[in-house]
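Structure file final_18.txt; described as compact mmCIF, C-alpha atoms and all ligand atoms.
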# COMPACT_ATOMS: atom_id res chain seq x y z
CA MET A 1 0.00 0.00 0.00
CA VAL A 2 1.29 3.43 -0.90
CA SER A 3 0.65 6.91 0.39
CA ILE A 4 1.70 10.10 -1.36
CA VAL A 5 2.44 13.25 0.60
CA ALA A 6 2.85 16.66 -1.01
CA ASP A 7 4.43 19.38 1.09
CA ARG A 8 4.06 22.93 -0.25
CA VAL A 9 4.32 21.94 -3.89
CA SER A 10 4.54 24.88 -6.29
CA VAL A 11 4.99 24.87 -10.07
CA SER A 12 5.77 27.74 -12.41
CA LEU A 13 5.18 27.38 -16.14
CA GLY A 14 5.77 30.04 -18.76
CA GLY A 15 6.85 32.50 -16.05
CA ARG A 16 3.57 32.07 -14.13
CA GLN A 17 2.93 30.20 -10.90
CA VAL A 18 0.23 27.66 -11.82
CA VAL A 19 0.39 25.51 -8.64
CA ARG A 20 0.75 27.39 -5.36
CA GLU A 21 2.05 25.72 -2.21
CA VAL A 22 -0.25 22.70 -2.29
CA SER A 23 0.06 20.32 0.66
CA ALA A 24 -1.92 17.10 1.00
CA ALA A 25 -1.42 13.65 2.51
CA LEU A 26 -3.05 11.02 0.30
CA THR A 27 -3.53 7.69 2.03
CA PRO A 28 -4.17 4.14 0.76
CA GLY A 29 -7.70 2.81 0.32
CA ARG A 30 -9.09 6.18 -0.67
CA LEU A 31 -10.59 7.51 -3.89
CA VAL A 32 -9.52 11.15 -4.02
CA GLY A 33 -11.06 13.46 -6.61
CA VAL A 34 -9.08 16.48 -7.78
CA LEU A 35 -11.59 19.10 -8.87
CA GLY A 36 -11.53 22.69 -10.09
CA PRO A 37 -12.23 24.80 -13.16
CA ASN A 38 -10.25 24.59 -16.40
CA GLY A 39 -6.75 25.90 -15.90
CA ALA A 40 -6.89 25.58 -12.10
CA GLY A 41 -3.68 23.54 -12.05
CA LYS A 42 -5.06 20.01 -11.51
CA SER A 43 -3.03 18.25 -14.22
CA THR A 44 0.09 20.19 -13.30
CA LEU A 45 -0.29 19.20 -9.65
CA VAL A 46 -0.58 15.47 -10.41
CA ARG A 47 2.34 15.71 -12.84
CA ALA A 48 4.36 17.36 -10.07
CA LEU A 49 3.50 14.51 -7.68
CA LEU A 50 4.99 12.12 -10.24
CA GLY A 51 8.07 14.28 -10.88
CA LEU A 52 7.04 14.94 -14.49
CA VAL A 53 7.33 18.69 -14.12
CA PRO A 54 9.92 20.71 -12.17
CA HIS A 55 8.53 21.99 -8.89
CA HIS A 56 9.34 23.48 -5.52
CA GLY A 57 8.34 21.68 -2.34
CA ASN A 58 8.64 18.02 -1.44
CA VAL A 59 6.81 14.88 -2.48
CA THR A 60 7.20 11.57 -0.66
CA ILE A 61 5.91 8.23 -1.89
CA ASP A 62 5.47 5.80 0.96
CA GLY A 63 7.70 7.92 3.13
CA ILE A 64 10.56 8.04 0.62
CA ALA A 65 11.52 11.31 -1.04
CA ARG A 66 10.39 10.95 -4.66
CA THR A 67 13.61 12.61 -5.79
CA ALA A 68 15.51 9.66 -4.25
CA MET A 69 13.48 7.11 -6.23
CA SER A 70 14.37 5.80 -9.68
CA ARG A 71 11.95 6.39 -12.53
CA ALA A 72 11.23 2.62 -12.54
CA ALA A 73 10.51 2.59 -8.79
CA ILE A 74 8.06 5.48 -9.19
CA ALA A 75 6.38 3.77 -12.16
CA GLN A 76 5.99 0.55 -10.15
CA ALA A 77 4.51 2.42 -7.19
CA VAL A 78 2.16 4.77 -9.03
CA ALA A 79 0.37 4.01 -12.31
CA TYR A 80 -0.42 7.14 -14.31
CA LEU A 81 -3.16 7.71 -16.83
CA PRO A 82 -2.34 11.06 -18.49
CA GLN A 83 -4.98 13.41 -19.82
CA GLY A 84 -6.07 13.20 -23.46
CA GLN A 85 -3.24 11.02 -24.70
CA VAL A 86 -2.75 10.92 -28.47
CA LEU A 87 -1.78 7.56 -29.95
CA HIS A 88 0.69 7.67 -32.82
CA TRP A 89 1.65 4.05 -33.38
CA PRO A 90 -0.79 1.51 -34.80
CA LEU A 91 -0.42 -1.01 -31.95
CA THR A 92 -3.11 -3.54 -31.20
CA VAL A 93 -5.07 -2.95 -28.02
CA ALA A 94 -3.47 -6.01 -26.40
CA ARG A 95 0.03 -4.67 -27.16
CA LEU A 96 -0.85 -1.20 -25.95
CA VAL A 97 -2.21 -2.54 -22.66
CA ALA A 98 0.92 -4.73 -22.38
CA LEU A 99 2.99 -1.51 -22.19
CA GLY A 100 1.56 -1.19 -18.68
CA ARG A 101 3.89 -4.06 -17.69
CA LEU A 102 7.04 -2.17 -18.75
CA PRO A 103 7.88 -0.92 -15.23
CA HIS A 104 8.17 -4.57 -14.16
CA LEU A 105 10.31 -5.85 -17.04
CA ALA A 106 14.07 -6.03 -17.23
CA PRO A 107 15.46 -4.64 -20.52
CA PHE A 108 14.85 -7.01 -23.50
CA SER A 109 13.01 -9.52 -21.34
CA ARG A 110 9.78 -11.19 -22.49
CA LEU A 111 6.39 -11.07 -20.85
CA ALA A 112 5.96 -13.79 -18.23
CA ASP A 113 2.72 -15.66 -17.54
CA SER A 114 2.05 -13.28 -14.65
CA ASP A 115 2.35 -10.32 -17.07
CA HIS A 116 -0.14 -11.90 -19.48
CA ALA A 117 -2.50 -12.53 -16.58
CA ALA A 118 -2.24 -8.88 -15.48
CA ILE A 119 -2.90 -7.69 -19.05
CA ASP A 120 -5.95 -9.97 -19.50
CA HIS A 121 -7.32 -8.98 -16.10
CA ALA A 122 -6.89 -5.26 -16.83
CA MET A 123 -8.58 -5.57 -20.23
CA ALA A 124 -11.50 -7.49 -18.70
CA ARG A 125 -11.94 -4.94 -15.91
CA ALA A 126 -11.89 -1.98 -18.30
CA GLY A 127 -14.32 -3.80 -20.61
CA VAL A 128 -11.97 -3.86 -23.61
CA ALA A 129 -11.17 -7.59 -23.89
CA SER A 130 -13.30 -7.80 -27.05
CA LEU A 131 -11.13 -5.08 -28.62
CA ALA A 132 -7.83 -6.92 -27.97
CA ASP A 133 -6.94 -7.44 -31.64
CA ARG A 134 -8.15 -4.04 -32.90
CA LEU A 135 -5.68 -1.28 -33.74
CA ALA A 136 -5.73 1.27 -30.92
CA THR A 137 -5.45 4.10 -33.48
CA GLU A 138 -8.77 3.02 -35.03
CA LEU A 139 -10.92 3.14 -31.90
CA SER A 140 -13.58 5.64 -30.90
CA GLY A 141 -12.63 8.23 -28.29
CA GLY A 142 -14.47 6.38 -25.53
CA GLU A 143 -13.02 3.00 -26.51
CA ARG A 144 -9.53 4.53 -26.53
CA ALA A 145 -10.09 6.05 -23.08
CA ARG A 146 -11.03 2.64 -21.68
CA VAL A 147 -8.00 1.00 -23.33
CA LEU A 148 -5.70 3.60 -21.75
CA LEU A 149 -7.34 2.95 -18.39
CA ALA A 150 -6.67 -0.77 -18.96
CA ARG A 151 -3.01 0.02 -19.60
CA ALA A 152 -2.83 1.89 -16.28
CA LEU A 153 -4.60 -0.98 -14.47
CA ALA A 154 -2.18 -3.48 -16.02
CA VAL A 155 0.65 -1.89 -14.03
CA GLU A 156 -1.02 -3.32 -10.91
CA ALA A 157 0.61 -0.55 -8.91
CA PRO A 158 -0.53 0.15 -5.36
CA ALA A 159 -1.46 3.70 -6.40
CA LEU A 160 -3.16 5.06 -9.50
CA ILE A 161 -3.32 8.65 -10.69
CA ALA A 162 -5.88 9.11 -13.47
CA ASP A 163 -6.21 12.48 -15.19
CA GLU A 164 -9.75 12.86 -16.50
CA PRO A 165 -10.38 9.12 -16.91
CA LEU A 166 -14.04 9.75 -17.75
CA ALA A 167 -13.43 12.09 -20.71
CA SER A 168 -15.28 10.83 -23.84
CA LEU A 169 -17.12 8.09 -21.96
CA ASP A 170 -20.88 7.65 -22.32
CA PRO A 171 -22.98 7.76 -19.11
CA ALA A 172 -22.94 3.99 -18.56
CA HIS A 173 -19.18 3.79 -19.06
CA GLN A 174 -18.67 6.85 -16.82
CA ILE A 175 -20.48 5.07 -14.00
CA GLU A 176 -18.59 1.86 -14.77
CA GLY A 177 -15.31 3.83 -14.72
CA MET A 178 -16.10 5.31 -11.33
CA GLU A 179 -17.16 1.90 -9.98
CA LEU A 180 -13.83 0.55 -11.18
CA LEU A 181 -11.86 3.32 -9.46
CA ARG A 182 -13.98 2.83 -6.32
CA ALA A 183 -13.21 -0.92 -6.39
CA GLU A 184 -9.49 -0.18 -6.75
CA ALA A 185 -9.66 2.03 -3.64
CA ASP A 186 -11.76 -0.52 -1.76
CA ALA A 187 -9.05 -3.09 -2.54
CA GLY A 188 -6.64 -0.88 -0.57
CA ARG A 189 -5.08 1.15 -3.36
CA LEU A 190 -4.72 4.91 -3.39
CA VAL A 191 -6.64 6.31 -6.36
CA VAL A 192 -6.36 9.96 -7.34
CA ALA A 193 -8.64 11.05 -10.18
CA VAL A 194 -8.84 14.46 -11.83
CA LEU A 195 -12.55 14.89 -12.53
CA HIS A 196 -14.93 17.44 -13.99
CA ASP A 197 -18.16 15.58 -13.24
CA LEU A 198 -19.19 16.94 -9.84
CA THR A 199 -22.16 14.58 -9.60
CA LEU A 200 -19.99 11.48 -9.95
CA ALA A 201 -17.22 12.95 -7.80
CA ALA A 202 -19.69 13.66 -4.99
CA ARG A 203 -21.14 10.17 -5.26
CA PHE A 204 -18.01 8.06 -5.52
CA CYS A 205 -15.08 9.91 -3.94
CA ASP A 206 -14.09 9.64 -0.27
CA ARG A 207 -12.34 12.94 -0.43
CA VAL A 208 -12.09 15.83 -2.87
CA LEU A 209 -9.31 18.37 -3.32
CA VAL A 210 -10.65 21.52 -4.94
CA MET A 211 -8.21 23.76 -6.78
CA ALA A 212 -8.68 27.30 -8.02
CA GLU A 213 -6.02 29.47 -9.65
CA GLY A 214 -3.30 27.04 -8.61
CA ALA A 215 -4.22 26.92 -4.93
CA LEU A 216 -5.87 24.17 -2.93
CA VAL A 217 -9.02 25.94 -1.72
CA ALA A 218 -10.85 23.01 -0.12
CA ASP A 219 -10.04 19.47 0.99
CA GLY A 220 -12.38 17.01 2.63
CA ALA A 221 -15.37 14.71 2.23
CA PRO A 222 -17.59 15.69 -0.74
CA ARG A 223 -20.57 16.30 1.54
CA ASP A 224 -18.55 18.83 3.58
CA VAL A 225 -16.66 20.46 0.73
CA LEU A 226 -19.05 20.71 -2.21
CA THR A 227 -21.34 23.34 -0.76
CA ALA A 228 -23.45 25.88 -2.62
CA GLU A 229 -21.05 28.57 -1.44
CA LEU A 230 -17.96 26.74 -2.75
CA LEU A 231 -19.54 25.95 -6.12
CA ALA A 232 -20.53 29.61 -6.49
CA ARG A 233 -17.10 30.86 -5.50
CA VAL A 234 -14.95 28.38 -7.43
CA TYR A 235 -17.04 27.47 -10.47
CA GLY A 236 -19.51 30.38 -10.57
CA ILE A 237 -22.48 28.00 -10.67
CA THR A 238 -25.57 27.06 -8.73
CA ALA A 239 -26.47 23.42 -8.13
CA TYR A 240 -29.33 21.24 -7.05
CA PHE A 241 -28.57 19.24 -3.90
CA GLY A 242 -30.50 16.00 -3.42
CA GLU A 243 -30.86 13.85 -0.36
CA GLY A 244 -29.68 10.27 -0.34
CA ALA A 245 -27.23 7.76 1.04
CA THR A 246 -24.46 9.35 -1.02
CA PRO A 247 -24.27 13.10 -1.65
CA MET A 248 -26.00 14.11 -4.87
CA LEU A 249 -25.52 17.38 -6.66
CA VAL A 250 -26.39 18.49 -10.16
CA PRO A 251 -24.96 21.71 -11.64
CA LEU A 252 -27.81 24.01 -12.69
CA ASP A 253 -26.93 27.54 -13.78
CA ARG A 254 -24.05 29.94 -14.29
CA LEU A 255 -23.92 32.84 -11.87
CA ARG A 256 -21.88 35.19 -14.03
N1 LIG B 301 3.69 24.11 -20.78
C1 LIG B 301 3.03 25.15 -20.29
N2 LIG B 301 3.51 26.41 -20.42
C2 LIG B 301 2.86 27.48 -19.90
N3 LIG B 301 1.69 27.38 -19.23
C3 LIG B 301 1.17 26.15 -19.07
C4 LIG B 301 1.80 24.98 -19.60
N4 LIG B 301 1.03 23.91 -19.28
C5 LIG B 301 -0.05 24.41 -18.60
N5 LIG B 301 0.05 25.75 -18.49
C6 LIG B 301 -0.91 26.61 -17.80
O1 LIG B 301 -0.97 26.20 -16.44
C7 LIG B 301 -2.28 26.38 -15.94
C8 LIG B 301 -2.74 25.07 -15.29
O2 LIG B 301 -2.87 24.10 -16.32
P1 LIG B 301 -3.39 22.64 -15.98
O3 LIG B 301 -3.35 21.85 -17.24
O4 LIG B 301 -2.68 22.12 -14.80
O5 LIG B 301 -4.90 22.96 -15.58
P2 LIG B 301 -6.10 21.97 -15.29
O6 LIG B 301 -6.71 22.39 -14.00
O7 LIG B 301 -5.67 20.56 -15.40
O8 LIG B 301 -7.07 22.37 -16.49
P3 LIG B 301 -8.14 21.54 -17.39
O9 LIG B 301 -9.32 21.28 -16.50
O10 LIG B 301 -8.48 22.54 -18.46
O11 LIG B 301 -7.48 20.31 -17.90
C9 LIG B 301 -3.15 26.82 -17.11
O12 LIG B 301 -3.35 28.20 -17.03
C10 LIG B 301 -2.31 26.47 -18.32
O13 LIG B 301 -2.57 27.37 -19.38

Let's see the structure in the file written out as structure tokens.
Amino acid sequence: MVSIVADRVSVSLGGRQVVREVSAALTPGRLVGVLGPNGAGKSTLVRALLGLVPHHGNVTIDGIARTAMSRAAIAQAVAYLPQGQVLHWPLTVARLVALGRLPHLAPFSRLADSDHAAIDHAMARAGVASLADRLATELSGGERARVLLARALAVEAPALIADEPLASLDPAHQIEGMELLRAEADAGRLVVAVLHDLTLAARFCDRVLVMAEGALVADGAPRDVLTAELLARVYGITAYFGEGATPMLVPLDRLR
């Protein structure tokens, strides 16, 4: 099990500070949503956690300074599903998902039975087993998104960071995607998902981090954090709040 701790992480890009002193301790067995308007710094923050962008402040993965870890050790500990990935090479879906096993393979070594099992399991869980022999470059946007999620699941890392995993998915597959992330967390993994769907975030996440203009402006359980006041302040919207076992909110109108 892996925890990730960010201590005053700041990132500047193009001469502008786009992540401002964000601190958060992310613990195993939790599904953590990272929310906020376009440009708030969500993708940059998760990239900083992984060491994919230069930053100030410290990040530890399971108590070890990330800067002291090899790229392979980070990749084994934290699977990463980047936002809106473009596929250039005409690989089959099975081969693309197999790339998720790279962090575990020695150079020039072949896939072992355990790798094939991880690949098959990931494809089944993401609902793409029937696409295994199709070219990944010839899939629909939603199919491609599920294949890329399968690649991240194939890593079988104790933590998963998924940047907008629901983009391009139809409603049924969005719910399925959230159920999958929920199940990963319930199995003891740390799952961090950048999300725009507030309704699904409120329903499925244990905890939400809300970013605005690079800063972490709220952090806590969806029911406590996603208030009418916060949605007005951060997103400039009103929302309908329903009663139920899990928090339910539906964005309604723009305020400005
Ligand atoms: N390479 C870059 N150079 C300069 N500015 C950048 C670069 N990458 C991102 N930015 C800026 O950093 C800010 C944060 O971007 P980021 O992608 O982290 O936002 P986000 O919250 O993930 O947005 P979205 O919801 O639109 O995906 C934005 O204002 C963006 O324009």

- request: Around ligand LIG 301 (chain B), at most 12 Å away and counting all atoms listed in the file, which residues are there? Put them as a PyMOL selection string, please.
  value: chain A and resi 10-20+34-48+52-54+82-84+162-165+167+193-197+209-216+235

With C-alpha atoms kept, could you save the residues just selected as a compact mmCIF listing (two decimals), in the coordinates of the input?
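Output file selection_29.txt is given in full below:
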# COMPACT_ATOMS: atom_id res chain seq x y z
CA SER A 10 4.54 24.88 -6.29
CA VAL A 11 4.99 24.87 -10.07
CA SER A 12 5.77 27.74 -12.41
CA LEU A 13 5.18 27.38 -16.14
CA GLY A 14 5.77 30.04 -18.76
CA GLY A 15 6.85 32.50 -16.05
CA ARG A 16 3.57 32.07 -14.13
CA GLN A 17 2.93 30.20 -10.90
CA VAL A 18 0.23 27.66 -11.82
CA VAL A 19 0.39 25.51 -8.64
CA ARG A 20 0.75 27.39 -5.36
CA VAL A 34 -9.08 16.48 -7.78
CA LEU A 35 -11.59 19.10 -8.87
CA GLY A 36 -11.53 22.69 -10.09
CA PRO A 37 -12.23 24.80 -13.16
CA ASN A 38 -10.25 24.59 -16.40
CA GLY A 39 -6.75 25.90 -15.90
CA ALA A 40 -6.89 25.58 -12.10
CA GLY A 41 -3.68 23.54 -12.05
CA LYS A 42 -5.06 20.01 -11.51
CA SER A 43 -3.03 18.25 -14.22
CA THR A 44 0.09 20.19 -13.30
CA LEU A 45 -0.29 19.20 -9.65
CA VAL A 46 -0.58 15.47 -10.41
CA ARG A 47 2.34 15.71 -12.84
CA ALA A 48 4.36 17.36 -10.07
CA LEU A 52 7.04 14.94 -14.49
CA VAL A 53 7.33 18.69 -14.12
CA PRO A 54 9.92 20.71 -12.17
CA PRO A 82 -2.34 11.06 -18.49
CA GLN A 83 -4.98 13.41 -19.82
CA GLY A 84 -6.07 13.20 -23.46
CA ALA A 162 -5.88 9.11 -13.47
CA ASP A 163 -6.21 12.48 -15.19
CA GLU A 164 -9.75 12.86 -16.50
CA PRO A 165 -10.38 9.12 -16.91
CA ALA A 167 -13.43 12.09 -20.71
CA ALA A 193 -8.64 11.05 -10.18
CA VAL A 194 -8.84 14.46 -11.83
CA LEU A 195 -12.55 14.89 -12.53
CA HIS A 196 -14.93 17.44 -13.99
CA ASP A 197 -18.16 15.58 -13.24
CA LEU A 209 -9.31 18.37 -3.32
CA VAL A 210 -10.65 21.52 -4.94
CA MET A 211 -8.21 23.76 -6.78
CA ALA A 212 -8.68 27.30 -8.02
CA GLU A 213 -6.02 29.47 -9.65
CA GLY A 214 -3.30 27.04 -8.61
CA ALA A 215 -4.22 26.92 -4.93
CA LEU A 216 -5.87 24.17 -2.93
CA TYR A 235 -17.04 27.47 -10.47

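Counting only C-alpha atoms, the residue from A:Leu226, A:Ala221, A:Ala77, A:Ala68 that sits nearest to Pro158 in chain A is A:Ala77.
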
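In this model, the gap between CA of Pro103 in chain A and CA of Gln174 in chain A comes to 27.7 Å.
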
- prompt: Residues at most 12 Å from Ala172 in chain A, counting all atoms listed in the file, excluding those fewer than 5 positions away in the same chain, as a ChimeraX atom specification?
  reply: /A:127,142,166,177-179,200

- prompt: Quick one, how far is CA of Ala245 in chain A from CA of Ile161 in chain A?
  reply: 26.6 Å

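Proximity of A:Arg203, A:Arg151, A:Arg8, A:Arg110 to Ile175 in chain A, computed with all atoms listed in the file, is greatest for A:Arg203.
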
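Between Arg207 in chain A and the residues A:Gly29, A:Gly100, A:Gly236, A:Pro171, the shortest atom-to-atom distance, using all atoms listed in the file, involves A:Gly29.
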
message: What's around Leu102 in chain A at 10 Å? Count only C-alpha atoms, leave out sequence neighbours fewer than 3 positions away in its own chain, and write the answer as a PyMOL selection string.
response: chain A and resi 72+75-76+98-99+105-107+109+111+115+154-155

field: Residue neighbourhood Val250 in chain A, 7 Å, only C-alpha atoms, exclusion window fewer than 5 positions, as a count of residues only
entry: 4

Could you write out as JSON the box around range 46-63 of chain A (axis-aligned, all atoms listed in the file, 6 Å on each side), with centre and edge lengths in Å to one decimal?
{"center_x": 4.7, "center_y": 14.6, "center_z": -5.7, "size_x": 22.5, "size_y": 29.7, "size_z": 29.6}

message: Could you list, as a PyMOL selection string, every residue within 12 Å of Leu135 in chain A, counting only C-alpha atoms and ignoring same-chain residues fewer than 5 positions away?
response: chain A and resi 87-97+140+143-144+147

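Of note, CA of Ala150 in chain A and CA of Ser3 in chain A are spaced 22.1 Å apart.
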
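Within 6 Å of the file-frame point (-9.1, 5.3, -4.4), and using only C-alpha atoms, the polymer residues found are Gly29, Arg30, Leu31, Val32, Arg182, Glu184, Ala185, Arg189, Leu190 and Val191 of chain A.
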
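With distances restricted to all atoms listed in the file, A:Ala218 is the closest residue to Leu230 in chain A from A:Gly63, A:Ala218, A:Leu139, A:Val86.
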
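Counting all atoms listed in the file, the residue from A:Leu181, A:Thr60, A:Ala157, A:Pro28 that sits nearest to Asp7 in chain A is A:Thr60.
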
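Take the candidates A:Glu156, A:Ile61, A:Gly242, A:Leu198 and check each one against His104 in chain A using all atoms listed in the file; the shortest distance goes to A:Glu156.
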